[in-house]
Amino acid sequence: YDAVILDVMMPGLSGYKTCARVRETSNVPILFLTARGMDTDLTLGFSAGGDDYLVKPFALDEVMARVRALSRRGRSEGSAVLTLGDLSMDTSAQKVTRGGKPIALTGREYALLEYLMRNQGAVLSRERIEQNIFNYDYEGASNMVDVYIRYLRKKIDEGFSPKLIHTVRGAGYRLIAGEEA
């Protein structure tokens, strides 16, 4: 998951306890979205491992902005170098190589490739890619994802073997190499 939104008052296990359990195995960003807004509630939320805390009532735009900010932080964690076959992406230096050859990418192409690399093997729908690469207010052409996938294929796959970017008809795209393809 890119981020988790928890309410403190959930049936069964409280949001605080759920957060603590998630923290045992994951660094996924967690936002508490709840009616409980006393200082002690916030302290409990952050102590349990929450990354942000928003008290109801709230503006939906603020929730979306906070989730986007948490998701960006979550993506920066983990390995600085992502690899798939002979494709390598150094997220610290923002450099991409395939077969040792440097590949120049635009900012949007880089963001799309990083999202594909962090979700290797998963089938990513056009809608999911739009939500994670383009901002939520973006109202561009409906084929924008296809256009950027085509740009990436030209730079990442053209002249190399095996092809890494694959179309899953009716479902979206995935990044895989070798026998999995």
# chains A, B, ... in the order shown; residues from 1 in each chain; ligands from 1

call {"tool": "select_by_dssp", "arguments": {"residues": "chain A", "states": "alpha helix (DSSP H)", "output": "ChimeraX atom specification"}}
result
/A:15-25,39-48,60-76,107-118,126-133,144-152

call {"tool": "write_last_selection", "arguments": {"atoms": "C-alpha atoms", "output": "mmCIF file, in the first residue's frame"}}
result
data_model
loop_
_atom_site.group_PDB
_atom_site.id
_atom_site.type_symbol
_atom_site.label_atom_id
_atom_site.label_comp_id
_atom_site.auth_asym_id
_atom_site.auth_seq_id
_atom_site.Cartn_x
_atom_site.Cartn_y
_atom_site.Cartn_z
ATOM 1 C CA GLY A 15 -6.695 2.385 15.447
ATOM 2 C CA TYR A 16 -3.770 2.834 17.847
ATOM 3 C CA LYS A 17 -3.323 -0.912 18.256
ATOM 4 C CA THR A 18 -3.789 -1.518 14.531
ATOM 5 C CA CYS A 19 -1.101 1.083 13.811
ATOM 6 C CA ALA A 20 1.299 -0.527 16.297
ATOM 7 C CA ARG A 21 0.772 -3.934 14.645
ATOM 8 C CA VAL A 22 1.356 -2.506 11.170
ATOM 9 C CA ARG A 23 4.579 -0.885 12.442
ATOM 10 C CA GLU A 24 5.905 -4.316 13.471
ATOM 11 C CA THR A 25 6.280 -5.279 9.794
ATOM 12 C CA ASP A 39 -3.625 16.333 22.976
ATOM 13 C CA THR A 40 -3.447 12.896 24.595
ATOM 14 C CA ASP A 41 -5.114 11.347 21.514
ATOM 15 C CA LEU A 42 -2.528 12.895 19.197
ATOM 16 C CA THR A 43 0.276 11.739 21.491
ATOM 17 C CA LEU A 44 -1.110 8.185 21.486
ATOM 18 C CA GLY A 45 -1.395 8.257 17.688
ATOM 19 C CA PHE A 46 2.170 9.379 17.122
ATOM 20 C CA SER A 47 3.475 7.038 19.841
ATOM 21 C CA ALA A 48 1.761 4.098 18.120
ATOM 22 C CA LEU A 60 -11.334 16.559 1.579
ATOM 23 C CA ASP A 61 -8.684 18.608 -0.246
ATOM 24 C CA GLU A 62 -6.583 18.668 2.933
ATOM 25 C CA VAL A 63 -6.891 14.902 3.370
ATOM 26 C CA MET A 64 -5.801 14.351 -0.237
ATOM 27 C CA ALA A 65 -2.857 16.754 0.146
ATOM 28 C CA ARG A 66 -1.693 15.001 3.315
ATOM 29 C CA VAL A 67 -1.990 11.550 1.708
ATOM 30 C CA ARG A 68 0.033 12.733 -1.304
ATOM 31 C CA ALA A 69 2.707 14.166 1.000
ATOM 32 C CA LEU A 70 2.863 10.940 3.029
ATOM 33 C CA SER A 71 3.038 8.850 -0.145
ATOM 34 C CA ARG A 72 5.980 10.897 -1.424
ATOM 35 C CA ARG A 73 7.812 10.334 1.850
ATOM 36 C CA GLY A 74 7.045 6.616 1.688
ATOM 37 C CA ARG A 75 8.436 6.317 -1.839
ATOM 38 C CA SER A 76 11.732 7.872 -0.816
ATOM 39 C CA GLY A 107 10.752 14.309 -14.865
ATOM 40 C CA ARG A 108 7.431 12.641 -15.709
ATOM 41 C CA GLU A 109 9.149 9.692 -17.434
ATOM 42 C CA TYR A 110 11.422 9.269 -14.414
ATOM 43 C CA ALA A 111 8.462 9.319 -11.999
ATOM 44 C CA LEU A 112 6.607 6.753 -14.114
ATOM 45 C CA LEU A 113 9.635 4.454 -14.349
ATOM 46 C CA GLU A 114 10.263 4.725 -10.605
ATOM 47 C CA TYR A 115 6.628 3.813 -9.909
ATOM 48 C CA LEU A 116 6.882 0.806 -12.246
ATOM 49 C CA MET A 117 10.223 -0.242 -10.688
ATOM 50 C CA ARG A 118 8.835 -0.043 -7.147
ATOM 51 C CA ARG A 126 -4.036 3.327 -16.169
ATOM 52 C CA GLU A 127 -6.145 4.859 -13.388
ATOM 53 C CA ARG A 128 -3.698 3.778 -10.681
ATOM 54 C CA ILE A 129 -0.766 5.163 -12.679
ATOM 55 C CA GLU A 130 -2.632 8.465 -13.227
ATOM 56 C CA GLN A 131 -3.342 8.776 -9.505
ATOM 57 C CA ASN A 132 0.282 8.154 -8.555
ATOM 58 C CA ILE A 133 2.152 9.979 -11.320
ATOM 59 C CA MET A 144 -1.672 10.410 -21.296
ATOM 60 C CA VAL A 145 -0.502 7.233 -19.555
ATOM 61 C CA ASP A 146 -0.252 5.421 -22.908
ATOM 62 C CA VAL A 147 1.785 8.302 -24.331
ATOM 63 C CA TYR A 148 4.303 8.217 -21.469
ATOM 64 C CA ILE A 149 4.512 4.420 -21.583
ATOM 65 C CA ARG A 150 5.356 4.750 -25.286
ATOM 66 C CA TYR A 151 8.082 7.315 -24.472
ATOM 67 C CA LEU A 152 9.534 4.961 -21.835
#

call {"tool": "residues_around", "arguments": {"residues": "region 156-167 of chain A", "least_positions_apart": "6", "cutoff": "7 Å", "atoms": "only C-alpha atoms", "output": "MDAnalysis selection string"}}
result
chainID A and resid 173:178

call {"tool": "atom_distance", "arguments": {"atom1": "CA of Gly121 (chain A)", "atom2": "CA of Arg98 (chain A)"}}
result
18.2 Å

call {"tool": "atom_distance", "arguments": {"atom1": "CA of Thr97 (chain A)", "atom2": "CA of Gln120 (chain A)"}}
result
16.8 Å

call {"tool": "atom_distance", "arguments": {"atom1": "CA of Asp52 (chain A)", "atom2": "CA of Leu31 (chain A)"}}
result
4.7 Å

call {"tool": "select_by_dssp", "arguments": {"residues": "chain A", "states": "strand (DSSP E or B)", "output": "PDB file with C-alpha atoms, in the first residue's frame"}}
result
ATOM      1  CA  VAL A   4      -2.929   3.836   5.258  1.00  0.00           C
ATOM      2  CA  ILE A   5      -5.745   5.943   6.721  1.00  0.00           C
ATOM      3  CA  LEU A   6      -6.946   4.792  10.177  1.00  0.00           C
ATOM      4  CA  ILE A  30      -0.106   6.101   8.294  1.00  0.00           C
ATOM      5  CA  LEU A  31      -2.584   8.971   8.674  1.00  0.00           C
ATOM      6  CA  PHE A  32      -5.025   9.007  11.576  1.00  0.00           C
ATOM      7  CA  LEU A  33      -8.350  10.543  10.503  1.00  0.00           C
ATOM      8  CA  THR A  34     -10.581  10.710  13.558  1.00  0.00           C
ATOM      9  CA  ASP A  52       0.122  12.340  10.611  1.00  0.00           C
ATOM     10  CA  TYR A  53      -3.094  13.056  12.520  1.00  0.00           C
ATOM     11  CA  LEU A  54      -6.137  14.918  11.212  1.00  0.00           C
ATOM     12  CA  VAL A  55      -9.208  15.679  13.332  1.00  0.00           C
ATOM     13  CA  VAL A  81      19.174   1.616  -6.294  1.00  0.00           C
ATOM     14  CA  LEU A  82      16.328  -0.262  -7.973  1.00  0.00           C
ATOM     15  CA  THR A  83      17.175  -2.959 -10.501  1.00  0.00           C
ATOM     16  CA  LEU A  84      15.403  -5.238 -12.941  1.00  0.00           C
ATOM     17  CA  LEU A  87      17.989  -1.855 -15.917  1.00  0.00           C
ATOM     18  CA  SER A  88      19.237   0.155 -12.946  1.00  0.00           C
ATOM     19  CA  MET A  89      17.732   3.230 -11.316  1.00  0.00           C
ATOM     20  CA  ASP A  90      19.710   5.158  -8.708  1.00  0.00           C
ATOM     21  CA  LYS A  95      20.228   8.277 -12.857  1.00  0.00           C
ATOM     22  CA  VAL A  96      18.959   5.440 -15.021  1.00  0.00           C
ATOM     23  CA  THR A  97      21.072   2.963 -16.991  1.00  0.00           C
ATOM     24  CA  ARG A  98      20.282  -0.085 -19.082  1.00  0.00           C
ATOM     25  CA  LYS A 101      24.252   2.827 -20.981  1.00  0.00           C
ATOM     26  CA  PRO A 102      22.901   6.035 -19.385  1.00  0.00           C
ATOM     27  CA  ILE A 103      19.301   6.895 -20.265  1.00  0.00           C
ATOM     28  CA  LEU A 124      -0.870  -1.342 -12.761  1.00  0.00           C
ATOM     29  CA  ILE A 165       7.472  -2.941 -20.166  1.00  0.00           C
ATOM     30  CA  HIS A 166       4.495  -5.164 -20.971  1.00  0.00           C
ATOM     31  CA  THR A 167       0.853  -4.416 -21.745  1.00  0.00           C
ATOM     32  CA  VAL A 168      -1.738  -6.552 -19.993  1.00  0.00           C
ATOM     33  CA  GLY A 172      -2.863  -1.987 -17.658  1.00  0.00           C
ATOM     34  CA  TYR A 173       0.910  -2.337 -17.644  1.00  0.00           C
ATOM     35  CA  ARG A 174       3.597  -4.174 -15.739  1.00  0.00           C
ATOM     36  CA  LEU A 175       7.361  -4.188 -15.577  1.00  0.00           C
TER      37      LEU A 175
END
